[in-house]
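Enquirer: mmCIF, C-alpha atoms, file run_24.cif:
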data_target
loop_
_atom_site.label_atom_id
_atom_site.label_comp_id
_atom_site.auth_asym_id
_atom_site.auth_seq_id
_atom_site.Cartn_x
_atom_site.Cartn_y
_atom_site.Cartn_z
CA MET A 1043 -9.33 28.34 -4.91
CA GLU A 1044 -9.76 26.49 -8.17
CA ALA A 1045 -7.12 23.79 -8.35
CA VAL A 1046 -4.75 23.41 -11.25
CA ASN A 1047 -5.79 20.29 -13.12
CA LEU A 1048 -2.83 17.95 -12.96
CA ASN A 1049 -4.50 15.02 -14.65
CA LYS A 1050 -5.09 16.87 -17.86
CA LYS A 1051 -4.60 14.50 -20.76
CA GLU A 1052 -4.22 17.16 -23.40
CA CYS A 1053 -2.50 20.53 -23.42
CA LYS A 1054 -2.76 23.25 -26.01
CA PHE A 1055 0.09 25.73 -26.28
CA VAL A 1056 0.07 28.72 -28.57
CA VAL A 1057 3.42 30.17 -29.55
CA ALA A 1058 3.25 33.52 -31.33
CA VAL A 1059 5.95 33.41 -33.98
CA ASP A 1060 7.34 36.11 -36.23
CA GLU A 1061 10.62 36.79 -38.01
CA SER A 1062 12.49 37.58 -34.81
CA GLU A 1063 15.15 35.44 -33.20
CA GLU A 1064 13.34 36.08 -29.96
CA SER A 1065 10.14 34.38 -31.04
CA MET A 1066 12.15 31.34 -32.17
CA TYR A 1067 13.91 31.30 -28.82
CA ALA A 1068 10.50 31.51 -27.08
CA LEU A 1069 9.39 28.49 -29.12
CA SER A 1070 12.50 26.54 -28.07
CA TRP A 1071 11.86 27.52 -24.45
CA CYS A 1072 8.31 26.25 -24.70
CA LEU A 1073 9.41 22.95 -26.22
CA GLY A 1074 12.12 22.52 -23.61
CA ASN A 1075 10.17 23.57 -20.53
CA LEU A 1076 6.44 23.11 -20.98
CA ILE A 1077 6.06 19.95 -23.02
CA SER A 1078 5.29 17.00 -20.80
CA GLN A 1079 5.76 13.36 -21.79
CA ASN A 1080 2.60 12.43 -19.90
CA THR A 1081 0.14 14.47 -21.93
CA THR A 1082 -0.84 14.92 -25.54
CA ASN A 1083 0.64 18.24 -26.57
CA ASN A 1084 -0.96 20.40 -29.21
CA LEU A 1085 1.33 23.18 -30.28
CA VAL A 1086 -0.18 25.97 -32.32
CA LEU A 1087 2.26 28.15 -34.24
CA LEU A 1088 0.47 31.45 -34.64
CA TYR A 1089 1.69 34.02 -37.14
CA VAL A 1090 -0.14 37.29 -37.68
CA LYS A 1091 0.20 39.14 -40.97
CA PRO A 1092 -0.35 42.87 -41.05
CA PRO A 1093 -3.89 43.88 -42.02
CA PRO A 1094 -4.76 44.07 -45.75
CA PRO A 1095 -4.86 47.92 -45.94
CA VAL A 1096 -1.06 47.93 -45.77
CA TYR A 1097 -1.11 46.51 -49.28
CA SER A 1098 -3.85 48.74 -50.68
CA SER A 1099 -3.16 50.84 -53.73
CA PHE A 1100 -3.22 54.06 -51.73
CA HIS A 1101 -0.35 54.24 -49.33
CA ALA A 1102 -0.94 56.18 -46.12
CA ALA A 1103 1.51 58.83 -47.23
CA GLY A 1104 -0.36 59.33 -50.48
CA TYR A 1105 1.85 57.36 -52.83
CA VAL A 1106 0.09 55.21 -55.37
CA PHE A 1107 1.57 51.75 -55.84
CA SER A 1108 1.24 49.98 -59.16
CA SER A 1109 -0.46 46.58 -59.16
CA ASP A 1110 2.98 45.03 -59.75
CA VAL A 1111 4.24 46.51 -56.50
CA ILE A 1112 1.13 45.30 -54.68
CA ARG A 1113 1.61 41.80 -56.08
CA ALA A 1114 5.27 41.88 -55.08
CA LEU A 1115 4.34 42.95 -51.55
CA GLU A 1116 1.71 40.23 -51.32
CA LYS A 1117 4.21 37.65 -52.49
CA TYR A 1118 6.74 38.95 -49.97
CA GLY A 1119 4.14 38.58 -47.18
CA SER A 1120 3.27 35.08 -48.27
CA ASP A 1121 6.96 34.07 -48.57
CA LEU A 1122 7.51 35.46 -45.08
CA VAL A 1123 4.75 33.26 -43.64
CA LYS A 1124 6.30 30.20 -45.27
CA SER A 1125 9.77 31.13 -44.09
CA VAL A 1126 8.73 31.78 -40.46
CA MET A 1127 6.52 28.69 -40.25
CA GLY A 1128 9.17 26.53 -41.91
CA ARG A 1129 11.78 27.67 -39.44
CA ALA A 1130 9.45 27.16 -36.49
CA GLU A 1131 8.53 23.65 -37.62
CA ALA A 1132 12.21 22.79 -38.04
CA ILE A 1133 12.74 23.76 -34.39
CA CYS A 1134 9.76 21.60 -33.35
CA GLY A 1135 11.24 18.71 -35.34
CA LYS A 1136 14.34 18.74 -33.16
CA PHE A 1137 12.28 17.89 -30.11
CA SER A 1138 11.38 14.23 -30.37
CA SER A 1139 8.23 14.17 -28.35
CA ASN A 1140 4.53 13.64 -28.52
CA ILE A 1141 3.73 17.00 -30.09
CA HIS A 1142 1.09 17.70 -32.63
CA VAL A 1143 2.00 20.90 -34.46
CA GLU A 1144 -0.62 23.08 -36.12
CA ARG A 1145 -0.26 26.36 -38.03
CA ILE A 1146 -2.60 29.29 -37.75
CA VAL A 1147 -2.03 32.40 -39.83
CA GLY A 1148 -4.05 35.42 -38.79
CA SER A 1149 -4.29 38.86 -40.26
CA GLY A 1150 -4.74 42.20 -38.53
CA ASP A 1151 -3.38 43.96 -35.49
CA ALA A 1152 -1.09 41.33 -33.94
CA LYS A 1153 -2.08 42.01 -30.34
CA ASP A 1154 -5.81 41.78 -31.00
CA VAL A 1155 -5.54 38.74 -33.26
CA ILE A 1156 -3.35 36.84 -30.78
CA CYS A 1157 -5.76 37.52 -27.89
CA HIS A 1158 -8.76 36.59 -30.02
CA ILE A 1159 -7.33 33.30 -31.26
CA VAL A 1160 -5.90 32.24 -27.89
CA ASP A 1161 -9.29 32.64 -26.26
CA LYS A 1162 -11.21 31.19 -29.21
CA ILE A 1163 -9.27 27.93 -29.36
CA LYS A 1164 -9.16 27.75 -25.54
CA ALA A 1165 -5.39 27.54 -25.30
CA ASP A 1166 -3.86 26.45 -22.01
CA THR A 1167 -0.78 28.65 -22.31
CA LEU A 1168 0.42 31.44 -24.60
CA VAL A 1169 4.16 31.76 -25.14
CA MET A 1170 5.73 34.76 -26.83
CA GLY A 1171 8.85 36.86 -27.06
CA SER A 1172 8.97 40.09 -25.13
CA HIS A 1173 9.82 42.18 -28.17
CA GLY A 1174 8.85 41.89 -31.80
CA TYR A 1175 6.25 41.50 -33.41
CA GLY A 1176 8.71 42.26 -36.18
CA PHE A 1177 7.14 42.89 -39.55
CA PHE A 1178 6.99 46.66 -40.32
CA LYS A 1179 8.32 47.17 -36.80
CA ARG A 1180 4.85 46.92 -35.35
CA ALA A 1181 6.50 46.70 -31.94
CA LEU A 1182 6.94 50.45 -32.08
CA LEU A 1183 3.21 50.89 -31.96
CA GLY A 1184 3.05 49.35 -28.49
CA SER A 1185 4.18 46.18 -26.82
CA VAL A 1186 2.23 43.20 -28.07
CA SER A 1187 3.34 41.03 -25.14
CA ASP A 1188 2.18 43.64 -22.61
CA HIS A 1189 -1.24 43.77 -24.19
CA CYS A 1190 -1.60 39.99 -24.43
CA ALA A 1191 -0.49 39.42 -20.82
CA LYS A 1192 -3.29 41.74 -19.73
CA HIS A 1193 -6.04 40.46 -21.98
CA VAL A 1194 -5.81 36.72 -22.57
CA LYS A 1195 -7.41 34.41 -20.06
CA CYS A 1196 -4.73 31.71 -19.87
CA PRO A 1197 -1.24 31.95 -18.38
CA VAL A 1198 1.19 33.90 -20.56
CA VAL A 1199 4.91 33.21 -20.74
CA ILE A 1200 7.06 36.12 -21.89
CA VAL A 1201 10.51 35.00 -22.97
CA LYS A 1202 13.43 37.32 -23.59
CA HIS A 1203 16.19 36.47 -25.99
CA PRO A 1204 19.39 36.01 -23.93
CA GLU A 1205 21.28 38.47 -26.12
CA LYS A 1206 18.72 41.21 -25.52
CA ARG A 1207 18.62 40.83 -21.75
CA MET B 297 20.39 31.99 -31.89
CA GLU B 298 21.40 30.82 -28.44
CA ALA B 299 19.86 27.41 -27.90
CA VAL B 300 17.71 26.58 -24.91
CA ASN B 301 19.74 24.29 -22.69
CA LEU B 302 17.79 21.05 -22.47
CA ASN B 303 20.36 19.14 -20.48
CA LYS B 304 20.19 21.46 -17.52
CA LYS B 305 20.49 19.46 -14.32
CA GLU B 306 19.14 22.12 -12.04
CA CYS B 307 16.36 24.65 -12.41
CA LYS B 308 15.59 27.59 -10.19
CA PHE B 309 12.05 28.93 -10.17
CA VAL B 310 10.96 32.00 -8.26
CA VAL B 311 7.28 32.29 -7.40
CA ALA B 312 6.23 35.69 -6.07
CA VAL B 313 3.68 34.96 -3.36
CA ASP B 314 1.38 37.26 -1.45
CA GLU B 315 -1.98 36.99 0.31
CA SER B 316 -3.91 36.67 -2.93
CA GLU B 317 -5.63 33.53 -4.18
CA GLU B 318 -4.08 34.36 -7.52
CA SER B 319 -0.51 34.04 -6.30
CA MET B 320 -1.35 30.65 -4.76
CA TYR B 321 -2.90 29.58 -8.04
CA ALA B 322 0.24 30.75 -9.87
CA LEU B 323 2.29 28.59 -7.48
CA SER B 324 0.10 25.55 -8.22
CA TRP B 325 0.42 26.25 -11.94
CA CYS B 326 4.20 26.34 -11.61
CA LEU B 327 4.29 23.08 -9.67
CA GLY B 328 1.96 21.41 -12.16
CA ASN B 329 3.49 22.68 -15.37
CA LEU B 330 7.12 23.63 -14.95
CA ILE B 331 8.55 21.07 -12.54
CA SER B 332 10.35 18.33 -14.41
CA GLN B 333 11.17 14.91 -12.98
CA ASN B 334 14.49 14.91 -14.79
CA THR B 335 16.05 17.90 -13.07
CA THR B 336 16.72 19.14 -9.56
CA ASN B 337 14.13 21.81 -8.92
CA ASN B 338 14.82 24.71 -6.61
CA LEU B 339 11.68 26.62 -5.85
CA VAL B 340 12.08 30.00 -4.21
CA LEU B 341 8.97 31.40 -2.53
CA LEU B 342 9.47 35.15 -2.57
CA TYR B 343 7.38 37.42 -0.39
CA VAL B 344 7.92 41.16 -0.31
CA LYS B 345 6.88 43.17 2.72
CA PRO B 346 6.08 46.85 2.32
CA PRO B 347 9.01 49.13 3.13
CA PRO B 348 9.60 50.08 6.80
CA PRO B 349 8.32 53.70 6.47
CA VAL B 350 4.77 52.33 6.35
CA TYR B 351 5.22 51.45 9.99
CA SER B 352 6.95 54.66 11.04
CA SER B 353 5.47 56.74 13.80
CA PHE B 354 4.43 59.49 11.44
CA HIS B 355 1.71 58.35 9.12
CA ALA B 356 1.62 59.96 5.68
CA ALA B 357 -1.64 61.67 6.52
CA GLY B 358 -0.09 63.21 9.60
CA TYR B 359 -1.50 60.92 12.29
CA VAL B 360 0.87 59.90 15.02
CA PHE B 361 0.68 56.23 15.99
CA SER B 362 1.56 55.12 19.48
CA SER B 363 4.34 52.57 19.88
CA ASP B 364 1.66 49.98 20.72
CA VAL B 365 0.06 50.50 17.33
CA ILE B 366 3.44 50.26 15.61
CA ARG B 367 4.20 47.02 17.44
CA ALA B 368 0.78 45.66 16.51
CA LEU B 369 1.35 46.56 12.86
CA GLU B 370 4.77 44.94 12.92
CA LYS B 371 3.32 41.80 14.44
CA TYR B 372 0.57 41.81 11.81
CA GLY B 373 3.20 42.04 9.05
CA SER B 374 5.22 39.23 10.55
CA ASP B 375 2.13 37.04 11.04
CA LEU B 376 1.21 37.69 7.42
CA VAL B 377 4.61 36.45 6.21
CA LYS B 378 4.19 33.26 8.25
CA SER B 379 0.66 32.75 7.01
CA VAL B 380 1.49 33.28 3.32
CA MET B 381 4.64 31.15 3.46
CA GLY B 382 2.88 28.42 5.43
CA ARG B 383 0.08 28.26 2.90
CA ALA B 384 2.53 28.25 -0.02
CA GLU B 385 4.59 25.45 1.53
CA ALA B 386 1.44 23.40 2.13
CA ILE B 387 0.69 23.68 -1.60
CA CYS B 388 4.26 22.58 -2.42
CA GLY B 389 3.84 19.62 -0.06
CA LYS B 390 0.97 18.29 -2.16
CA PHE B 391 3.28 17.86 -5.12
CA SER B 392 5.40 14.83 -4.40
CA SER B 393 8.43 15.58 -6.47
CA ASN B 394 12.08 16.42 -6.33
CA ILE B 395 11.61 20.00 -5.21
CA HIS B 396 13.79 21.91 -2.84
CA VAL B 397 11.76 24.78 -1.40
CA GLU B 398 13.40 27.93 -0.08
CA ARG B 399 11.86 31.08 1.41
CA ILE B 400 13.03 34.62 0.71
CA VAL B 401 11.36 37.56 2.42
CA GLY B 402 12.20 40.93 0.94
CA SER B 403 11.19 44.39 1.98
CA GLY B 404 10.49 47.42 -0.17
CA ASP B 405 8.67 48.21 -3.37
CA ALA B 406 7.49 44.78 -4.55
CA LYS B 407 8.28 45.31 -8.23
CA ASP B 408 11.83 46.49 -7.61
CA VAL B 409 12.58 43.84 -4.99
CA ILE B 410 11.26 41.01 -7.17
CA CYS B 411 13.35 42.12 -10.17
CA HIS B 412 16.43 42.58 -8.01
CA ILE B 413 16.22 39.17 -6.34
CA VAL B 414 15.33 37.27 -9.52
CA ASP B 415 18.40 38.64 -11.25
CA LYS B 416 20.64 38.33 -8.18
CA ILE B 417 19.95 34.64 -7.59
CA LYS B 418 20.00 33.95 -11.34
CA ALA B 419 16.55 32.41 -11.47
CA ASP B 420 15.59 30.46 -14.58
CA THR B 421 11.94 31.46 -14.48
CA LEU B 422 9.77 33.91 -12.55
CA VAL B 423 6.14 32.96 -11.96
CA MET B 424 3.58 35.42 -10.62
CA GLY B 425 -0.09 36.31 -10.59
CA SER B 426 -1.28 39.01 -12.92
CA HIS B 427 -2.89 41.07 -10.18
CA GLY B 428 -1.93 41.64 -6.57
CA TYR B 429 0.57 42.37 -4.99
CA GLY B 430 -2.12 42.50 -2.35
CA PHE B 431 -0.99 44.07 0.91
CA PHE B 432 -2.15 47.70 1.18
CA LYS B 433 -3.48 47.29 -2.35
CA ARG B 434 -0.10 48.08 -3.82
CA ALA B 435 -1.49 46.88 -7.13
CA LEU B 436 -3.22 50.22 -7.45
CA LEU B 437 0.16 51.89 -7.64
CA GLY B 438 0.95 50.10 -10.88
CA SER B 439 1.06 46.56 -12.11
CA VAL B 440 3.89 44.62 -10.54
CA SER B 441 3.67 41.85 -13.14
CA ASP B 442 3.91 44.37 -16.01
CA HIS B 443 7.03 45.88 -14.53
CA CYS B 444 8.69 42.53 -13.83
CA ALA B 445 7.91 41.17 -17.31
CA LYS B 446 9.76 44.16 -18.74
CA HIS B 447 12.72 44.21 -16.40
CA VAL B 448 13.80 40.74 -15.33
CA LYS B 449 16.17 38.84 -17.57
CA CYS B 450 14.61 35.38 -17.37
CA PRO B 451 11.29 34.20 -18.80
CA VAL B 452 8.29 35.42 -16.84
CA VAL B 453 5.03 33.50 -16.49
CA ILE B 454 1.98 35.60 -15.68
CA VAL B 455 -0.88 33.48 -14.38
CA LYS B 456 -4.44 34.69 -13.99
CA HIS B 457 -6.79 33.23 -11.46
CA PRO B 458 -9.56 31.44 -13.37
CA GLU B 459 -12.26 33.34 -11.48
CA LYS B 460 -10.79 36.69 -12.45
CA ARG B 461 -10.46 35.93 -16.13
#
What is this file in structure tokens?
Expert:
Amino acid sequence: MEAVNLNKKECKFVVAVDESEESMYALSWCLGNLISQNTTNNLVLLYVKPPPPVYSSFHAAGYVFSSDVIRALEKYGSDLVKSVMGRAEAICGKFSSNIHVERIVGSGDAKDVICHIVDKIKADTLVMGSHGYGFFKRALLGSVSDHCAKHVKCPVVIVKHPEKR
Amino acid sequence: MEAVNLNKKECKFVVAVDESEESMYALSWCLGNLISQNTTNNLVLLYVKPPPPVYSSFHAAGYVFSSDVIRALEKYGSDLVKSVMGRAEAICGKFSSNIHVERIVGSGDAKDVICHIVDKIKADTLVMGSHGYGFFKRALLGSVSDHCAKHVKCPVVIVKHPEKR
């Protein structure tokens, strides 16, 4: 059996964040339960935007959006990233500890992007809410946390919001 | 948003153990990553035996086992519990920390029993391997970790064995 490395000097956590309360709660859980004082902690806040075709001028249902609408949607998406990341960093700020926080914003199908990035940056642990991924109710298309738990290589923590239990 | 309680004096972790290397690795991961020096840690080693009908005198395929065979099977099951628990406790012993270890042996469908016990004893975190639950290859009947991640109320950590990644 391969032993768990207890003398690791550096740990990289990825927390998948979105607009949901649950993802913010998962972040707090990570900060409160996984961050050790004896290691250097790299915390990656990962937000995944929907893929570009959502904003294309031809809507799936056949409606044609004007360029103003497209620009407004793009601005909305970009404001959302700022808002989610700002909120997440505020939560990190409350935990006085040796944490280095980094932002990664991906684009595409949330479940694929999360798995890809977690493996690519060789994260030690992925933390995420059990529901969400909020924007455009992508959760309805299938559980992102289910998929990630199956496909990423590192341990995955799935955190439920207490009010949704 | 309900805040994560950082001043908690006592934490209860449940680790679902079975005969698999993966569940032992999950236990090591829990001991190495979740146990805090600042709290009292209660670690529950939970093993679930298959339900009694497996040992009944009428086998599903119609074979009739003699009472000797049934006794031998029962002894095998009981030896297995001792072996798994003994191994798990040996792993706990390597981690010199403030951990109170408790054994719970359940019987029935692993996924239902794990969810029931985790909620009943109000565990703070459930830790388990992603595959297994080994005995009689129950994993083939559906993923236990999938089911538990969906149904228990507390955060669930799903740990993969490095060799199976």
Enquirer: Using Å and a single decimal, report how far CA of Cys307 in chain B sits from CA of Ile331 in chain B.
Expert: 8.6 Å
Enquirer: Tell me as a JSON list (two decimals) with C-alpha atoms, in the coordinates of the input which residues belonging to chain B come within 7 Å of chain A, counting all atoms listed in the file.
Expert:
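This went into result.json:
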[["chain", "number", "residue", "atom", "x", "y", "z"],
["B", 297, "MET", "CA", 20.39, 31.99, -31.89],
["B", 300, "VAL", "CA", 17.71, 26.58, -24.91],
["B", 302, "LEU", "CA", 17.79, 21.05, -22.47],
["B", 317, "GLU", "CA", -5.63, 33.53, -4.18],
["B", 324, "SER", "CA", 0.10, 25.55, -8.22],
["B", 325, "TRP", "CA", 0.42, 26.25, -11.94],
["B", 328, "GLY", "CA", 1.96, 21.41, -12.16],
["B", 329, "ASN", "CA", 3.49, 22.68, -15.37],
["B", 330, "LEU", "CA", 7.12, 23.63, -14.95],
["B", 442, "ASP", "CA", 3.91, 44.37, -16.01],
["B", 445, "ALA", "CA", 7.91, 41.17, -17.31],
["B", 449, "LYS", "CA", 16.17, 38.84, -17.57],
["B", 450, "CYS", "CA", 14.61, 35.38, -17.37],
["B", 451, "PRO", "CA", 11.29, 34.20, -18.80],
["B", 452, "VAL", "CA", 8.29, 35.42, -16.84],
["B", 453, "VAL", "CA", 5.03, 33.50, -16.49],
["B", 454, "ILE", "CA", 1.98, 35.60, -15.68],
["B", 455, "VAL", "CA", -0.88, 33.48, -14.38],
["B", 456, "LYS", "CA", -4.44, 34.69, -13.99],
["B", 461, "ARG", "CA", -10.46, 35.93, -16.13]]
Enquirer: Go through B:Ile395, B:Ile387, B:Leu369, B:Val401 and flag the residue nearest Leu341 in chain B, using only C-alpha atoms for the distances.
Expert: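 Looking only at the distances to Leu341 in chain B, the closest residue turns out to be B:Val401.
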Enquirer: Could you give me the axis-aligned bounding box of range 1133-1139 of chain A, with 8 Å of padding per side, as centre plus edge lengths in Å to one decimal, as JSON?
Expert:
{"center_x": 11.3, "center_y": 19.0, "center_z": -31.8, "size_x": 22.1, "size_y": 25.6, "size_z": 23.0}
Enquirer: Need to verify the contact set: Glu398 in chain B, 9 Å, only C-alpha atoms, exclusion of same-chain residues closer than 2 positions in sequence. Can you return it as a PyMOL selection string?
Expert: chain B and resi 338-342+396+400
Enquirer: With only C-alpha atoms counted, which protein, DNA or RNA residues have an atom no more than 7 Å from (8.1, 42.4, 3.6) in the file frame? Please answer as a ChimeraX atom specification.
Expert: /B:343-347,401-404
Enquirer: What is the distance between CA of Cys388 in chain B and CA of Glu315 in chain B, in Å to one decimal?
Expert: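 For CA of Cys388 in chain B relative to CA of Glu315 in chain B, the distance reads 15.9 Å.
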Enquirer: What's the separation between CA of Val365 in chain B and CA of Met381 in chain B, in Å to one decimal place?
Expert: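 Atom-to-atom, CA of Val365 in chain B and CA of Met381 in chain B are spaced 24.2 Å apart.
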Enquirer: Taking the file as shown, what set of residues would the PyMOL selection byres ((chain A and resi 1080) around 10) give back, as a list in words?
Expert: Asn1049, Lys1050, Lys1051, Glu1052, Ile1077, Ser1078, Gln1079, Thr1081, Thr1082, Asn1083 and Asn1140 of chain A
Enquirer: Please provide as a list in words all residues within 7 Å of Lys1153 in chain A, with the sequence filter that same-chain residues fewer than 2 positions apart are discarded (counting all atoms listed in the file).
Expert: Asp1151, Val1155, Ile1156, Cys1157, Val1186, His1189 and Cys1190 of chain A
